[in-house]
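Chemist: So that we are looking at the same thing, I have put the structure below in structure tokens.
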Amino acid sequence: MLFCRLGTVEYAEAHRLQREILAKRIAGEVGDCVLLLEHPPVLTLGRAAKREHVLASREMLDARGVSVHEVGRGGDVTYHGPGQLVAYPIIDLKPDRQDVRKYVWSLEETMIQACVDFGLSAARIAGLNGAWIGDRKVGAVGVRISRWVTMHGFALNVESDLDHFALIVPCGIRDKEVTSISKELGRRVGVAELMEPVARHFAHVYETDVEWRDGPPEEISAEETA
């Protein structure tokens, strides 16, 4: 499985890139890949998002440089920003992985095991998606599947500015805190340190090897995503 390190990418650009690769994966023109990146500060509203879960005014968001995008993934409102590792798997679940719950489980499991590598006891909470350390959410999941090919994915808080989560009701959950790997460890951990564990654990779930690339898959050119 190809893991593409993209650095920091504006949300709209990353969304366009996902759609281009998704179409090519459905057509069988590219293989499975996972985009690994960070976003500048952005709020994304999934199909189930409630506007009242965005607590900040438009003026406040503009002042902090936070953009807002409505997207076609599942879930409510979430925050992405520097210090958060975002993974967008674009993989074909056919013919023997056509189970949405198992796919979401694989994303959660990847984040949980990556946290375990750093000595943190991450787990699931019954009835809630994502990865948790105690009752504090460290990783969020939101997916879309078209013809059993996936897009969107998960976001793991590595050294995120947790104050930005106060702008929203994260994932529509009011009674839980948000945390990061760095906060839990009491020391700084960089996003780059999580890329190898995340790739390794995701590949392990799908019983495949890891191949690295800096930039998008070769078949997707800058002209195609413009």
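Chain lettering (A, B, ...) mirrors the order of the structure tokens, residue numbering begins at 1 for each chain separately, and ligand numbering begins at 1 in order of display.
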Give one line per residue of segment 7-42 of chain A that approaches segment 70-78 of chain A to at most 10 Å, naming the two atoms of the closest pair and their distance in Å to one decimal, counting only C-alpha atoms; sort by chain then ascending residue number and deliver it as CSV.
Modeler:
residue,atom,partner,partner_atom,distance
A:Ala12,CA,A:Val71,CA,9.9
A:His15,CA,A:Val71,CA,8.8
A:Val42,CA,A:Thr78,CA,8.5
Chemist: Just the selected residues (N, CA and C atoms), exported as a PDB file, in the first residue's frame, please.
Modeler:
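Contents of out_15.pdb, as written:
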ATOM      1  N   ALA A  12      -9.288  22.577   0.850  1.00  0.00           N
ATOM      2  CA  ALA A  12      -9.946  22.484  -0.449  1.00  0.00           C
ATOM      3  C   ALA A  12      -9.069  21.747  -1.460  1.00  0.00           C
ATOM      4  N   HIS A  15      -9.121  18.043  -0.666  1.00  0.00           N
ATOM      5  CA  HIS A  15     -10.399  17.450  -1.041  1.00  0.00           C
ATOM      6  C   HIS A  15     -10.458  17.195  -2.544  1.00  0.00           C
ATOM      7  N   VAL A  42      -8.924  24.665  10.107  1.00  0.00           N
ATOM      8  CA  VAL A  42     -10.151  24.539   9.326  1.00  0.00           C
ATOM      9  C   VAL A  42     -11.195  23.781  10.133  1.00  0.00           C
TER      10      VAL A  42
END
Chemist: Please extract the residues of segment 12-175 of chain A with a backbone DSSP assignment of helix (DSSP H, G or I) and present them as a ChimeraX atom specification.
Modeler: /A:12-26,51-53,58-64,100-117,162-167,170-172
Chemist: From the list A:Ser67, A:Ser160, A:Ser121, A:Ser106, which residue is nearest Val141 of chain A when using only C-alpha atoms?
Modeler: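 Nearest candidate to Val141 of chain A out of A:Ser67, A:Ser160, A:Ser121, A:Ser106: A:Ser106.
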Chemist: Rounded to one decimal in Å, what is the spacing between atom CA of Lys176 of chain A and atom CA of Gly130 of chain A?
Modeler: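 Between these atoms lies a distance of 12.2 Å.
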Chemist: Contacts of Leu162 of chain A at 12 Å or less, counting only C-alpha atoms, minus same-chain residues fewer than 2 places along, as a ChimeraX atom specification?
Modeler: /A:41,79-84,136-138,157-160,164-168,170,177-183
Chemist: Can those selected residues be exported to a file as a PDB file, in the first residue's frame so that it contains N, CA and C atoms?
Modeler:
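What follows is the written file out04.pdb:
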ATOM      1  N   PRO A  41      -5.572  25.686   9.889  1.00  0.00           N
ATOM      2  CA  PRO A  41      -6.790  25.623  10.712  1.00  0.00           C
ATOM      3  C   PRO A  41      -8.070  25.651   9.876  1.00  0.00           C
ATOM      4  N   TYR A  79     -12.462  19.781  13.860  1.00  0.00           N
ATOM      5  CA  TYR A  79     -11.401  20.762  13.619  1.00  0.00           C
ATOM      6  C   TYR A  79     -10.160  20.042  13.111  1.00  0.00           C
ATOM      7  N   HIS A  80      -9.512  20.623  12.108  1.00  0.00           N
ATOM      8  CA  HIS A  80      -8.195  20.185  11.668  1.00  0.00           C
ATOM      9  C   HIS A  80      -7.247  21.369  11.754  1.00  0.00           C
ATOM     10  N   GLY A  81      -5.993  21.082  12.042  1.00  0.00           N
ATOM     11  CA  GLY A  81      -5.019  22.160  12.102  1.00  0.00           C
ATOM     12  C   GLY A  81      -3.613  21.638  12.269  1.00  0.00           C
ATOM     13  N   PRO A  82      -2.641  22.518  12.298  1.00  0.00           N
ATOM     14  CA  PRO A  82      -1.240  22.114  12.482  1.00  0.00           C
ATOM     15  C   PRO A  82      -1.068  21.267  13.743  1.00  0.00           C
ATOM     16  N   GLY A  83      -0.174  20.299  13.648  1.00  0.00           N
ATOM     17  CA  GLY A  83       0.059  19.418  14.785  1.00  0.00           C
ATOM     18  C   GLY A  83      -0.862  18.223  14.828  1.00  0.00           C
ATOM     19  N   GLN A  84      -1.719  18.086  13.841  1.00  0.00           N
ATOM     20  CA  GLN A  84      -2.657  16.964  13.766  1.00  0.00           C
ATOM     21  C   GLN A  84      -2.321  16.150  12.519  1.00  0.00           C
ATOM     22  N   ARG A 136     -10.992  11.083  27.151  1.00  0.00           N
ATOM     23  CA  ARG A 136     -10.506  12.202  26.354  1.00  0.00           C
ATOM     24  C   ARG A 136     -10.234  11.725  24.925  1.00  0.00           C
ATOM     25  N   LYS A 137     -10.798  12.443  23.970  1.00  0.00           N
ATOM     26  CA  LYS A 137     -10.692  12.009  22.570  1.00  0.00           C
ATOM     27  C   LYS A 137      -9.381  12.469  21.962  1.00  0.00           C
ATOM     28  N   VAL A 138      -8.613  11.521  21.421  1.00  0.00           N
ATOM     29  CA  VAL A 138      -7.338  11.833  20.811  1.00  0.00           C
ATOM     30  C   VAL A 138      -7.384  11.706  19.292  1.00  0.00           C
ATOM     31  N   ASN A 157      -4.654  13.706  16.952  1.00  0.00           N
ATOM     32  CA  ASN A 157      -4.075  14.896  17.584  1.00  0.00           C
ATOM     33  C   ASN A 157      -2.704  14.550  18.168  1.00  0.00           C
ATOM     34  N   VAL A 158      -1.679  15.086  17.545  1.00  0.00           N
ATOM     35  CA  VAL A 158      -0.312  14.799  17.981  1.00  0.00           C
ATOM     36  C   VAL A 158       0.205  15.942  18.863  1.00  0.00           C
ATOM     37  N   GLU A 159       0.262  17.131  18.312  1.00  0.00           N
ATOM     38  CA  GLU A 159       0.630  18.316  19.101  1.00  0.00           C
ATOM     39  C   GLU A 159      -0.293  19.473  18.709  1.00  0.00           C
ATOM     40  N   SER A 160      -1.566  19.176  18.594  1.00  0.00           N
ATOM     41  CA  SER A 160      -2.561  20.153  18.164  1.00  0.00           C
ATOM     42  C   SER A 160      -2.726  21.276  19.187  1.00  0.00           C
ATOM     43  N   HIS A 164      -8.259  25.470  19.975  1.00  0.00           N
ATOM     44  CA  HIS A 164      -9.113  25.624  18.800  1.00  0.00           C
ATOM     45  C   HIS A 164     -10.358  24.725  18.859  1.00  0.00           C
ATOM     46  N   PHE A 165     -10.290  23.670  19.637  1.00  0.00           N
ATOM     47  CA  PHE A 165     -11.470  22.803  19.755  1.00  0.00           C
ATOM     48  C   PHE A 165     -12.590  23.483  20.528  1.00  0.00           C
ATOM     49  N   ALA A 166     -12.257  24.554  21.254  1.00  0.00           N
ATOM     50  CA  ALA A 166     -13.291  25.319  21.963  1.00  0.00           C
ATOM     51  C   ALA A 166     -14.164  26.117  21.005  1.00  0.00           C
ATOM     52  N   LEU A 167     -13.776  26.184  19.738  1.00  0.00           N
ATOM     53  CA  LEU A 167     -14.583  26.882  18.737  1.00  0.00           C
ATOM     54  C   LEU A 167     -15.820  26.083  18.337  1.00  0.00           C
ATOM     55  N   ILE A 168     -15.830  24.801  18.685  1.00  0.00           N
ATOM     56  CA  ILE A 168     -16.894  23.892  18.235  1.00  0.00           C
ATOM     57  C   ILE A 168     -17.313  22.966  19.370  1.00  0.00           C
ATOM     58  N   PRO A 170     -16.929  19.384  19.496  1.00  0.00           N
ATOM     59  CA  PRO A 170     -16.230  18.408  18.657  1.00  0.00           C
ATOM     60  C   PRO A 170     -17.047  17.145  18.427  1.00  0.00           C
ATOM     61  N   GLU A 177     -13.717  15.633  26.797  1.00  0.00           N
ATOM     62  CA  GLU A 177     -12.607  16.517  26.455  1.00  0.00           C
ATOM     63  C   GLU A 177     -11.871  16.002  25.223  1.00  0.00           C
ATOM     64  N   VAL A 178     -11.092  16.898  24.627  1.00  0.00           N
ATOM     65  CA  VAL A 178     -10.193  16.538  23.537  1.00  0.00           C
ATOM     66  C   VAL A 178      -8.771  16.623  24.060  1.00  0.00           C
ATOM     67  N   THR A 179      -7.921  15.700  23.631  1.00  0.00           N
ATOM     68  CA  THR A 179      -6.538  15.695  24.091  1.00  0.00           C
ATOM     69  C   THR A 179      -5.611  15.450  22.915  1.00  0.00           C
ATOM     70  N   SER A 180      -4.323  15.404  23.194  1.00  0.00           N
ATOM     71  CA  SER A 180      -3.327  15.113  22.165  1.00  0.00           C
ATOM     72  C   SER A 180      -2.276  14.175  22.756  1.00  0.00           C
ATOM     73  N   ILE A 181      -1.522  13.561  21.892  1.00  0.00           N
ATOM     74  CA  ILE A 181      -0.448  12.676  22.342  1.00  0.00           C
ATOM     75  C   ILE A 181       0.576  13.470  23.151  1.00  0.00           C
ATOM     76  N   SER A 182       0.931  14.655  22.670  1.00  0.00           N
ATOM     77  CA  SER A 182       1.914  15.470  23.393  1.00  0.00           C
ATOM     78  C   SER A 182       1.418  15.851  24.784  1.00  0.00           C
ATOM     79  N   LYS A 183       0.142  16.218  24.897  1.00  0.00           N
ATOM     80  CA  LYS A 183      -0.397  16.593  26.200  1.00  0.00           C
ATOM     81  C   LYS A 183      -0.378  15.402  27.145  1.00  0.00           C
TER      82      LYS A 183
END
Chemist: Pick the closest to His204 of chain A from A:Ala114, A:Leu17, A:Ala126, A:Val9: which is it, counting only C-alpha atoms?
Modeler: A:Ala114
